[in-house]
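Coordinates as given in entry-v4.txt (compact mmCIF, C-alpha atoms):
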# COMPACT_ATOMS: atom_id res chain seq x y z
CA MET M 1 0.00 0.00 0.00
CA SER M 2 1.44 3.40 -0.95
CA ALA M 3 1.82 6.13 1.66
CA LEU M 4 -0.84 8.22 -0.09
CA GLN M 5 -3.37 5.41 -0.41
CA LYS M 6 -6.35 5.79 1.89
CA PRO M 7 -7.31 2.90 4.16
CA SER M 8 -10.36 0.96 3.09
CA PRO M 9 -13.55 2.19 4.73
CA LYS M 10 -15.04 0.16 7.53
CA ARG M 11 -17.81 -2.19 6.52
CA PRO M 12 -21.31 -0.97 7.40
CA PHE M 13 -22.99 -3.02 10.10
CA ILE M 14 -26.32 -4.42 8.96
CA ILE M 15 -28.44 -4.42 12.11
CA PRO M 16 -31.95 -5.92 11.98
CA GLN M 17 -34.75 -3.54 12.81
CA PHE M 18 -36.89 -5.51 15.23
CA THR M 19 -40.53 -4.48 15.50
CA ALA M 20 -42.72 -4.38 18.61
CA SER M 21 -44.22 -7.68 17.42
CA ASP M 22 -40.73 -9.21 17.26
CA TYR M 23 -40.01 -8.21 20.85
CA GLN M 24 -43.36 -9.64 21.91
CA SER M 25 -42.29 -12.92 20.33
CA PHE M 26 -38.92 -12.75 22.09
CA PHE M 27 -40.71 -12.11 25.40
CA LEU M 28 -43.18 -14.95 24.90
CA ALA M 29 -40.46 -17.40 23.84
CA GLY M 30 -38.31 -16.45 26.85
CA ALA M 31 -41.28 -16.66 29.21
CA ILE M 32 -42.31 -20.12 28.05
CA CYS M 33 -38.82 -21.63 27.99
CA CYS M 34 -37.93 -20.29 31.45
CA THR M 35 -41.16 -21.24 33.22
CA LEU M 36 -41.07 -24.77 31.76
CA SER M 37 -37.39 -25.35 32.52
CA HIS M 38 -37.44 -23.88 36.03
CA GLY M 39 -40.71 -25.61 36.84
CA ALA M 40 -39.26 -28.96 35.79
CA MET M 41 -36.22 -28.37 37.99
CA THR M 42 -38.26 -27.67 41.14
CA PRO M 43 -37.34 -31.01 42.86
CA ILE M 44 -33.62 -30.37 42.38
CA ASP M 45 -33.99 -26.81 43.66
CA VAL M 46 -35.87 -28.01 46.75
CA VAL M 47 -33.05 -30.40 47.66
CA LYS M 48 -30.38 -27.80 46.89
CA THR M 49 -32.08 -25.19 49.10
CA ARG M 50 -32.48 -27.64 51.99
CA ILE M 51 -28.78 -28.56 51.81
CA GLN M 52 -27.88 -24.86 51.91
CA ILE M 53 -30.00 -23.78 54.91
CA ASP M 54 -31.30 -26.79 56.86
CA PRO M 55 -28.84 -28.05 59.53
CA THR M 56 -30.31 -31.57 59.34
CA PHE M 57 -29.18 -31.76 55.71
CA LYS M 58 -25.61 -30.67 56.43
CA GLY M 59 -23.06 -32.85 54.66
CA LEU M 60 -25.62 -34.60 52.45
CA GLY M 61 -25.27 -34.90 48.70
CA PHE M 62 -28.05 -34.57 46.16
CA ILE M 63 -29.15 -38.23 46.20
CA SER M 64 -29.01 -38.61 49.99
CA GLY M 65 -30.73 -35.23 50.40
CA THR M 66 -33.52 -36.29 48.07
CA ARG M 67 -34.02 -39.51 50.02
CA GLN M 68 -34.25 -37.58 53.27
CA VAL M 69 -36.88 -35.18 51.89
CA VAL M 70 -39.00 -38.06 50.57
CA SER M 71 -38.66 -40.19 53.73
CA LYS M 72 -39.59 -37.35 56.09
CA GLU M 73 -42.16 -35.40 54.07
CA GLY M 74 -43.21 -37.57 51.15
CA ALA M 75 -42.55 -37.25 47.43
CA ARG M 76 -44.96 -34.33 47.15
CA ALA M 77 -42.54 -32.16 49.13
CA LEU M 78 -40.19 -32.18 46.12
CA LEU M 79 -42.70 -29.90 44.34
CA THR M 80 -42.77 -27.32 47.14
CA GLY M 81 -42.56 -23.82 45.67
CA PHE M 82 -43.61 -24.88 42.17
CA GLY M 83 -46.21 -22.08 41.90
CA PRO M 84 -43.95 -19.08 42.58
CA THR M 85 -41.16 -20.72 40.58
CA ALA M 86 -43.36 -21.07 37.48
CA VAL M 87 -44.89 -17.59 37.72
CA GLY M 88 -41.68 -15.86 38.78
CA TYR M 89 -39.66 -17.23 35.90
CA LEU M 90 -42.50 -16.65 33.46
CA VAL M 91 -42.15 -12.89 33.87
CA GLN M 92 -38.40 -12.92 34.55
CA GLY M 93 -37.61 -15.13 31.57
CA GLY M 94 -39.62 -13.03 29.16
CA ALA M 95 -38.03 -9.80 30.34
CA LYS M 96 -34.52 -11.31 30.35
CA PHE M 97 -34.51 -12.82 26.86
CA ALA M 98 -36.33 -9.92 25.20
CA GLY M 99 -34.17 -7.46 27.13
CA TYR M 100 -30.98 -9.19 26.04
CA GLU M 101 -32.02 -9.01 22.38
CA PHE M 102 -32.90 -5.31 22.82
CA TRP M 103 -29.74 -4.22 24.62
CA LYS M 104 -27.40 -6.26 22.41
CA LYS M 105 -28.88 -4.45 19.41
CA LYS M 106 -28.65 -1.04 21.12
CA PHE M 107 -25.01 -1.48 22.14
CA SER M 108 -24.15 -2.71 18.65
CA GLU M 109 -25.73 0.44 17.21
CA VAL M 110 -23.62 2.53 19.58
CA ALA M 111 -20.51 0.76 18.26
CA GLY M 112 -21.37 2.18 14.85
CA ASP M 113 -19.68 -0.32 12.54
CA GLN M 114 -19.08 -4.05 12.30
CA GLU M 115 -15.36 -4.03 13.17
CA THR M 116 -15.91 -1.99 16.33
CA ALA M 117 -18.84 -4.15 17.44
CA ILE M 118 -16.83 -7.34 16.89
CA ALA M 119 -13.80 -5.93 18.73
CA HIS M 120 -15.99 -5.10 21.73
CA ARG M 121 -18.40 -8.01 21.44
CA THR M 122 -17.65 -9.39 24.92
CA ALA M 123 -18.41 -6.01 26.50
CA ILE M 124 -21.64 -5.88 24.49
CA TYR M 125 -22.66 -9.34 25.75
CA LEU M 126 -21.79 -8.43 29.35
CA GLY M 127 -23.64 -5.12 29.25
CA ALA M 128 -26.73 -6.49 27.53
CA ALA M 129 -27.00 -9.46 29.90
CA SER M 130 -26.49 -7.31 33.02
CA ILE M 131 -29.02 -4.62 32.16
CA ALA M 132 -31.65 -7.08 30.94
CA GLU M 133 -31.26 -9.11 34.14
CA PHE M 134 -31.51 -6.02 36.37
CA PHE M 135 -34.97 -5.13 35.10
CA ALA M 136 -36.08 -8.77 35.02
CA ASP M 137 -35.14 -9.16 38.69
CA ILE M 138 -37.49 -6.37 39.73
CA LEU M 139 -40.28 -8.72 38.61
CA LEU M 140 -38.69 -11.88 40.00
CA THR M 141 -37.62 -10.87 43.52
CA PRO M 142 -41.00 -10.98 45.37
CA LEU M 143 -41.87 -14.36 43.88
CA GLU M 144 -38.41 -15.76 44.60
CA ALA M 145 -38.74 -14.63 48.23
CA THR M 146 -42.08 -16.45 48.43
CA ARG M 147 -40.58 -19.61 46.91
CA ILE M 148 -37.69 -19.74 49.33
CA ARG M 149 -40.03 -19.27 52.33
CA LEU M 150 -42.20 -22.15 51.12
CA VAL M 151 -39.19 -24.42 50.62
CA SER M 152 -37.21 -23.47 53.73
CA GLN M 153 -40.07 -23.14 56.26
CA ARG M 154 -42.26 -26.19 56.16
CA GLY M 155 -45.90 -25.30 56.82
CA TYR M 156 -45.37 -21.60 56.00
CA ALA M 157 -48.25 -21.60 53.47
CA THR M 158 -50.12 -23.92 51.15
CA GLY M 159 -49.03 -22.36 47.87
CA LEU M 160 -48.18 -19.28 45.84
CA VAL M 161 -51.16 -17.07 46.66
CA SER M 162 -51.26 -17.81 50.39
CA GLY M 163 -47.48 -17.60 50.69
CA PHE M 164 -47.21 -14.31 48.80
CA THR M 165 -50.14 -12.84 50.74
CA ARG M 166 -48.67 -13.81 54.11
CA LEU M 167 -45.23 -12.46 53.24
CA ALA M 168 -46.70 -9.17 51.98
CA ARG M 169 -48.98 -8.84 55.00
CA GLU M 170 -46.35 -9.60 57.62
CA GLY M 171 -43.34 -7.93 56.03
CA GLY M 172 -44.69 -5.52 53.46
CA LEU M 173 -42.77 -4.28 50.44
CA ARG M 174 -39.54 -4.23 52.43
CA GLU M 175 -39.72 -7.96 53.14
CA LEU M 176 -40.76 -8.82 49.59
CA TYR M 177 -37.66 -7.01 48.29
CA ALA M 178 -35.32 -7.92 51.14
CA GLY M 179 -33.47 -10.18 48.75
CA PHE M 180 -33.23 -7.72 45.85
CA LEU M 181 -29.55 -6.89 46.31
CA PRO M 182 -28.43 -10.51 46.81
CA ILE M 183 -30.66 -11.64 43.96
CA LEU M 184 -28.95 -9.10 41.71
CA CYS M 185 -25.60 -10.44 42.93
CA LYS M 186 -26.80 -13.91 42.02
CA GLN M 187 -28.75 -13.36 38.81
CA ILE M 188 -26.46 -10.88 37.04
CA PRO M 189 -23.42 -13.21 37.19
CA TYR M 190 -25.80 -16.02 36.22
CA ALA M 191 -27.01 -14.09 33.16
CA ILE M 192 -23.44 -13.16 32.25
CA GLY M 193 -22.43 -16.82 32.33
CA GLN M 194 -25.55 -17.88 30.50
CA PHE M 195 -25.46 -15.45 27.58
CA THR M 196 -21.78 -14.54 27.25
CA VAL M 197 -20.41 -18.08 27.48
CA ASN M 198 -23.14 -19.34 25.16
CA GLU M 199 -22.22 -16.70 22.57
CA LEU M 200 -18.51 -17.49 22.85
CA CYS M 201 -19.11 -21.26 22.60
CA HIS M 202 -21.10 -20.76 19.41
CA GLU M 203 -18.36 -18.53 18.04
CA ILE M 204 -15.66 -21.13 18.74
CA VAL M 205 -17.67 -23.80 16.93
CA TYR M 206 -18.61 -21.63 13.96
CA ARG M 207 -15.06 -20.34 13.48
CA SER M 208 -13.93 -23.93 12.92
CA MET M 209 -16.31 -24.25 9.95
CA THR M 210 -16.41 -22.83 6.47
CA PRO M 211 -19.42 -20.60 5.67
CA GLU M 212 -20.74 -23.34 3.38
CA THR M 213 -20.54 -25.96 6.14
CA ARG M 214 -22.37 -23.74 8.59
CA GLN M 215 -25.07 -22.91 6.07
CA ASN M 216 -25.73 -26.60 5.41
CA LEU M 217 -25.68 -27.87 9.00
CA SER M 218 -28.19 -30.60 9.69
CA SER M 219 -30.83 -30.22 12.38
CA THR M 220 -28.95 -32.79 14.47
CA ALA M 221 -25.72 -30.80 14.21
CA ASN M 222 -27.51 -27.58 15.17
CA PHE M 223 -29.15 -29.32 18.10
CA THR M 224 -25.78 -30.63 19.28
CA ILE M 225 -24.17 -27.19 19.07
CA VAL M 226 -26.97 -25.51 21.00
CA LEU M 227 -27.04 -28.28 23.61
CA GLY M 228 -23.26 -28.34 24.14
CA SER M 229 -23.01 -24.55 24.30
CA GLY M 230 -25.93 -24.41 26.72
CA ILE M 231 -24.44 -27.03 29.06
CA THR M 232 -21.11 -25.19 29.13
CA ALA M 233 -22.86 -21.87 29.75
CA GLY M 234 -24.91 -23.51 32.50
CA PHE M 235 -21.81 -24.68 34.34
CA ALA M 236 -20.35 -21.17 34.12
CA ALA M 237 -23.59 -19.58 35.32
CA ALA M 238 -23.78 -21.92 38.33
CA ILE M 239 -20.19 -21.31 39.45
CA LEU M 240 -20.37 -17.53 39.05
CA SER M 241 -23.64 -17.18 40.94
CA GLN M 242 -23.27 -19.86 43.64
CA PRO M 243 -21.99 -17.64 46.53
CA ALA M 244 -24.84 -15.16 46.13
CA ASP M 245 -27.36 -18.00 45.75
CA THR M 246 -26.29 -19.37 49.15
CA LEU M 247 -26.55 -15.92 50.76
CA LEU M 248 -29.95 -15.31 49.17
CA SER M 249 -31.34 -18.45 50.76
CA GLN M 250 -30.03 -17.32 54.15
CA ILE M 251 -31.44 -13.79 53.79
CA ASN M 252 -34.91 -14.97 52.78
CA LYS M 253 -35.06 -17.29 55.77
CA GLY M 254 -34.26 -14.37 58.08
CA HIS M 255 -30.71 -15.38 58.98
CA GLY M 256 -27.97 -12.87 59.67
CA PRO M 257 -27.66 -9.79 61.87
CA LYS M 258 -29.81 -6.69 61.76
CA GLY M 259 -28.57 -3.74 59.75
CA SER M 260 -28.05 -2.78 56.15
CA MET M 261 -28.20 -5.43 53.45
CA VAL M 262 -24.51 -4.97 52.66
CA TYR M 263 -23.63 -5.54 56.33
CA ARG M 264 -25.86 -8.62 56.53
CA LEU M 265 -24.36 -10.09 53.36
CA THR M 266 -20.75 -9.51 54.39
CA THR M 267 -21.41 -10.97 57.85
CA LEU M 268 -23.12 -14.07 56.46
CA ALA M 269 -20.35 -14.51 53.89
CA ARG M 270 -17.69 -14.27 56.58
CA GLU M 271 -19.51 -16.80 58.76
CA ALA M 272 -19.96 -19.23 55.87
CA GLY M 273 -16.39 -18.99 54.62
CA PHE M 274 -15.27 -19.81 51.10
CA LYS M 275 -16.24 -23.48 51.36
CA GLY M 276 -19.60 -22.70 52.91
CA LEU M 277 -20.53 -20.33 50.09
CA PHE M 278 -20.18 -23.20 47.61
CA VAL M 279 -22.24 -25.75 49.56
CA GLY M 280 -24.72 -27.38 47.19
CA LEU M 281 -22.74 -26.43 44.06
CA GLY M 282 -22.81 -29.97 42.63
CA PRO M 283 -26.61 -30.32 42.50
CA ARG M 284 -26.89 -26.73 41.32
CA MET M 285 -24.46 -27.30 38.44
CA ILE M 286 -26.57 -30.25 37.32
CA MET M 287 -29.72 -28.17 37.61
CA THR M 288 -28.26 -25.12 35.86
CA ALA M 289 -26.75 -27.08 32.96
CA GLY M 290 -30.20 -28.58 32.35
CA LEU M 291 -31.90 -25.21 32.74
CA VAL M 292 -29.69 -23.21 30.43
CA SER M 293 -29.34 -25.82 27.68
CA SER M 294 -33.08 -26.55 27.63
CA GLN M 295 -33.88 -22.83 27.62
CA PHE M 296 -31.77 -22.12 24.56
CA LEU M 297 -33.17 -25.15 22.75
CA MET M 298 -36.76 -24.16 23.51
CA TYR M 299 -36.16 -20.45 22.92
CA GLY M 300 -34.91 -21.06 19.40
CA ALA M 301 -37.71 -23.51 18.59
CA ILE M 302 -40.45 -21.24 19.97
CA LYS M 303 -39.10 -18.20 18.14
CA LYS M 304 -39.09 -20.18 14.91
CA ALA M 305 -42.66 -21.38 15.53
CA LEU M 306 -43.78 -17.79 16.16
CA GLY M 307 -42.09 -16.59 12.99
CA ALA M 308 -39.71 -14.31 14.91
CA PRO M 309 -36.43 -13.28 13.27
CA PRO M 310 -33.10 -14.64 14.53
CA GLY M 311 -31.15 -12.56 17.03
CA LEU M 312 -28.29 -10.27 16.07
CA GLU M 313 -24.94 -12.05 15.68
CA ILE M 314 -21.63 -10.23 16.15
CA HIS M 315 -19.32 -13.24 16.20
CA LYS M 316 -15.75 -13.01 14.95
CA GLU M 317 -15.71 -15.18 11.85
CA SER M 318 -12.00 -15.93 11.51
CA LYS M 319 -9.23 -16.92 13.89
CA ILE M 320 -6.96 -14.22 15.25

Would you give me this structure, written as C-alpha cells?
Amino acid sequence: MSALQKPSPKRPFIIPQFTASDYQSFFLAGAICCTLSHGAMTPIDVVKTRIQIDPTFKGLGFISGTRQVVSKEGARALLTGFGPTAVGYLVQGGAKFAGYEFWKKKFSEVAGDQETAIAHRTAIYLGAASIAEFFADILLTPLEATRIRLVSQRGYATGLVSGFTRLAREGGLRELYAGFLPILCKQIPYAIGQFTVNELCHEIVYRSMTPETRQNLSSTANFTIVLGSGITAGFAAAILSQPADTLLSQINKGHGPKGSMVYRLTTLAREAGFKGLFVGLGPRMIMTAGLVSSQFLMYGAIKKALGAPPGLEIHKESKI
C-alpha cells in the first residue's frame, strides 16, 4: 500500500430492525422456555435449598438429600414452591430474553460499525446481559422470596397465593424485596455466564467451519451445538452465581444480623467462609446445565414457531 493510499472504509454493520411484534415474540419465547425449565427443575432446587439452609441436611449430597426429603415429608414435598417458581420465571424469563435481544442491538448500534462491534463483542454481551437481568429481577424478587419461604419453612403456606399474601402482610414491600440486592448479585453473574459463554461457545464452533458448512448444517448438528453450548454456559452460570445463591437463601429465611443489606451479606459470607458459600454447588451445576441448555433449545424452537427473526450475531468469523 502506498503512503498516499487511503485505508479501506469500515464495513457498514447491517443491524436488523426488530418491531414491537418481534419483541413480543422474544418475550413470549423467553417466558415459556424459562417457566417450563425452572418448573421442571423444582425437585432439584428443593433439595439444593435444603442442603444450603437446613442443619439436618448438612453434609448430604443430592441423592441422599432427596431420600431424606421423601422419607420425612413424602414425594410431594419435592414440588414445594412450584407455583412461585413457574410464575416468577415466566415474567423474569420473558423480560430477560427480550431485554438481552434489545440491549445487544442497542449497544451494537452505539458501536457504529461491524469491526468496532466485533472488537468489543464481549463487552456488548456483558452489558446487555447485566441490564436485561436487572430489570427482570425487579419482577422476580417478590416471587423468589415467596418460593424460598415455602421451601425453607415447612408449613409456611399452602401455595403461591397464600405464601405471597402472608409475606406481603407480615413484612410488606420491604420484606418482599429484602433479597433484591443478593438476587442481583446472584442473577447478574448467572445471566453473564448464560449469555456470554453461550455466545462465545457458538463462536468457537462456527469459526472452525467454512461458511458453506455452517449454512448446510443438519438439524442434528444444530441441536448438538446448542445443547453443548448451553451445558457449558450452564456450568459457568452456576459457578459464578453460587456464593450469592447461598446468601440469598439465608437472607430470605431471616438469617444474619440486623442492619443494612450490605452488612448482613458480608457478615453471612464471613460466617460461611469460602467453602460454605459453595455448599450445594454440585446439585446446582446439574440443575443449571439442564436449565440453560433446555432454555436455549426451547427459545430457538419457539421463536421459529412464532415466525420471529433470529437474534443479532456479532461473532468473529476468523481466527486471530

request  = Considering only C-alpha atoms, return as a PyMOL selection string whatever protein or nucleic-acid residues lie within 10 Å of Phe195 of chain M, sequence-local ones (same chain, fewer than 4 positions apart) excluded.
outcome  = chain M and resi 97+100+125-126+128-130+190-191+199-201+229-230+233-234+237+292+296

Please dump the current selection as a compact mmCIF listing (two decimals), keeping the file's coordinate frame; keep C-alpha atoms.
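Result file is result_18.txt:
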# COMPACT_ATOMS: atom_id res chain seq x y z
CA PHE M 97 -34.51 -12.82 26.86
CA TYR M 100 -30.98 -9.19 26.04
CA TYR M 125 -22.66 -9.34 25.75
CA LEU M 126 -21.79 -8.43 29.35
CA ALA M 128 -26.73 -6.49 27.53
CA ALA M 129 -27.00 -9.46 29.90
CA SER M 130 -26.49 -7.31 33.02
CA TYR M 190 -25.80 -16.02 36.22
CA ALA M 191 -27.01 -14.09 33.16
CA GLU M 199 -22.22 -16.70 22.57
CA LEU M 200 -18.51 -17.49 22.85
CA CYS M 201 -19.11 -21.26 22.60
CA SER M 229 -23.01 -24.55 24.30
CA GLY M 230 -25.93 -24.41 26.72
CA ALA M 233 -22.86 -21.87 29.75
CA GLY M 234 -24.91 -23.51 32.50
CA ALA M 237 -23.59 -19.58 35.32
CA VAL M 292 -29.69 -23.21 30.43
CA PHE M 296 -31.77 -22.12 24.56

key: Option closest in space to Gly172 of chain M, from M:Ser152, M:Met261, M:Gly81, M:Pro142 [counting only C-alpha atoms]   = M:Pro142

request  = Using all atoms listed in the file, pick whichever of M:Ala31, M:Leu247, M:Ile314, M:Cys185 has the shortest atom-to-atom distance to Ile118 of chain M.
outcome  = M:Ile314

query = M:Tyr89, M:Phe62, M:Phe82, M:Phe102: which is nearest Val47 of chain M, counting all atoms listed in the file?
reply =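 Ranking M:Tyr89, M:Phe62, M:Phe82, M:Phe102 by distance to Val47 of chain M, first place goes to M:Phe62.
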
query = What is the atom CA of Gly127 of chain M to atom CA of Phe18 of chain M distance in Å?
reply =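 Going from atom CA of Gly127 of chain M over to atom CA of Phe18 of chain M, I get 19.3 Å.
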
message = Given all atoms listed in the file as the basis, pick out the residue of M:Gly83, M:Leu248, M:Thr122, M:Gly259 nearest to Ala157 of chain M.
response =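 Once distances to Ala157 of chain M are computed over all atoms listed in the file, the minimum belongs to M:Gly83.
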
key: Separation of atom CA of Thr220 of chain M from atom CA of Leu297 of chain M, in Å and rounded to one decimal   =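 Atom CA of Thr220 of chain M sits 12.0 Å away from atom CA of Leu297 of chain M.
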
Expected residue set, 12 Å radius at (-46.0, -17.4, 25.4), all atoms listed in the file, as a VMD selection string = chain M and resid 23 to 36 90 to 91 93 to 94 298 to 299 302 to 303 305 to 306

task = For each of M:Thr224, M:Val197, M:Glu175, M:Thr56, take the minimum atom-to-atom distance to Arg121 of chain M, counting all atoms listed in the file, then give the residue where this is smallest.
result = M:Val197

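For the choices M:Ile192, M:Ala145, M:Lys304, M:Ile183, the atom-to-atom distance to Gly171 of chain M is smallest for M:Ala145 when using only C-alpha atoms.
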
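Neighbouring residues of Pro257 of chain M at 12 Å or closer, counting all atoms listed in the file and skipping chain neighbours under 4 positions away, are Gln250, Ile251, Met261, Val262, Tyr263, Arg264, Leu265, Thr266, Thr267, Leu268, Ala269 and Glu271 of chain M.
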
key: Pairwise distance for atom CA of Ala98 of chain M and atom CA of Ser249 of chain M, rounded to one decimal in Å   = 27.4 Å

task = With a distance cut-off of 12 Å and all atoms listed in the file, select the neighbouring residues of Leu184 of chain M, excluding the residue or stretch itself and same-chain residues fewer than 5 positions from it, and output the selection as number ranges by chain.
result = M: 129-141, 144, 177-179, 189-192, 241, 244-245, 247-248

query = Please, which residues are within 9 Å of (-22.3, -33.2, 49.0) by the file's coordinates, counting all atoms listed in the file, and could they come as a list in words?
reply =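 Taken together, the residues in range are Ile51, Lys58, Gly59, Leu60, Gly61, Phe62, Ile63, Ser64, Gly65, Val279, Gly280, Leu281, Gly282 and Pro283 of chain M.
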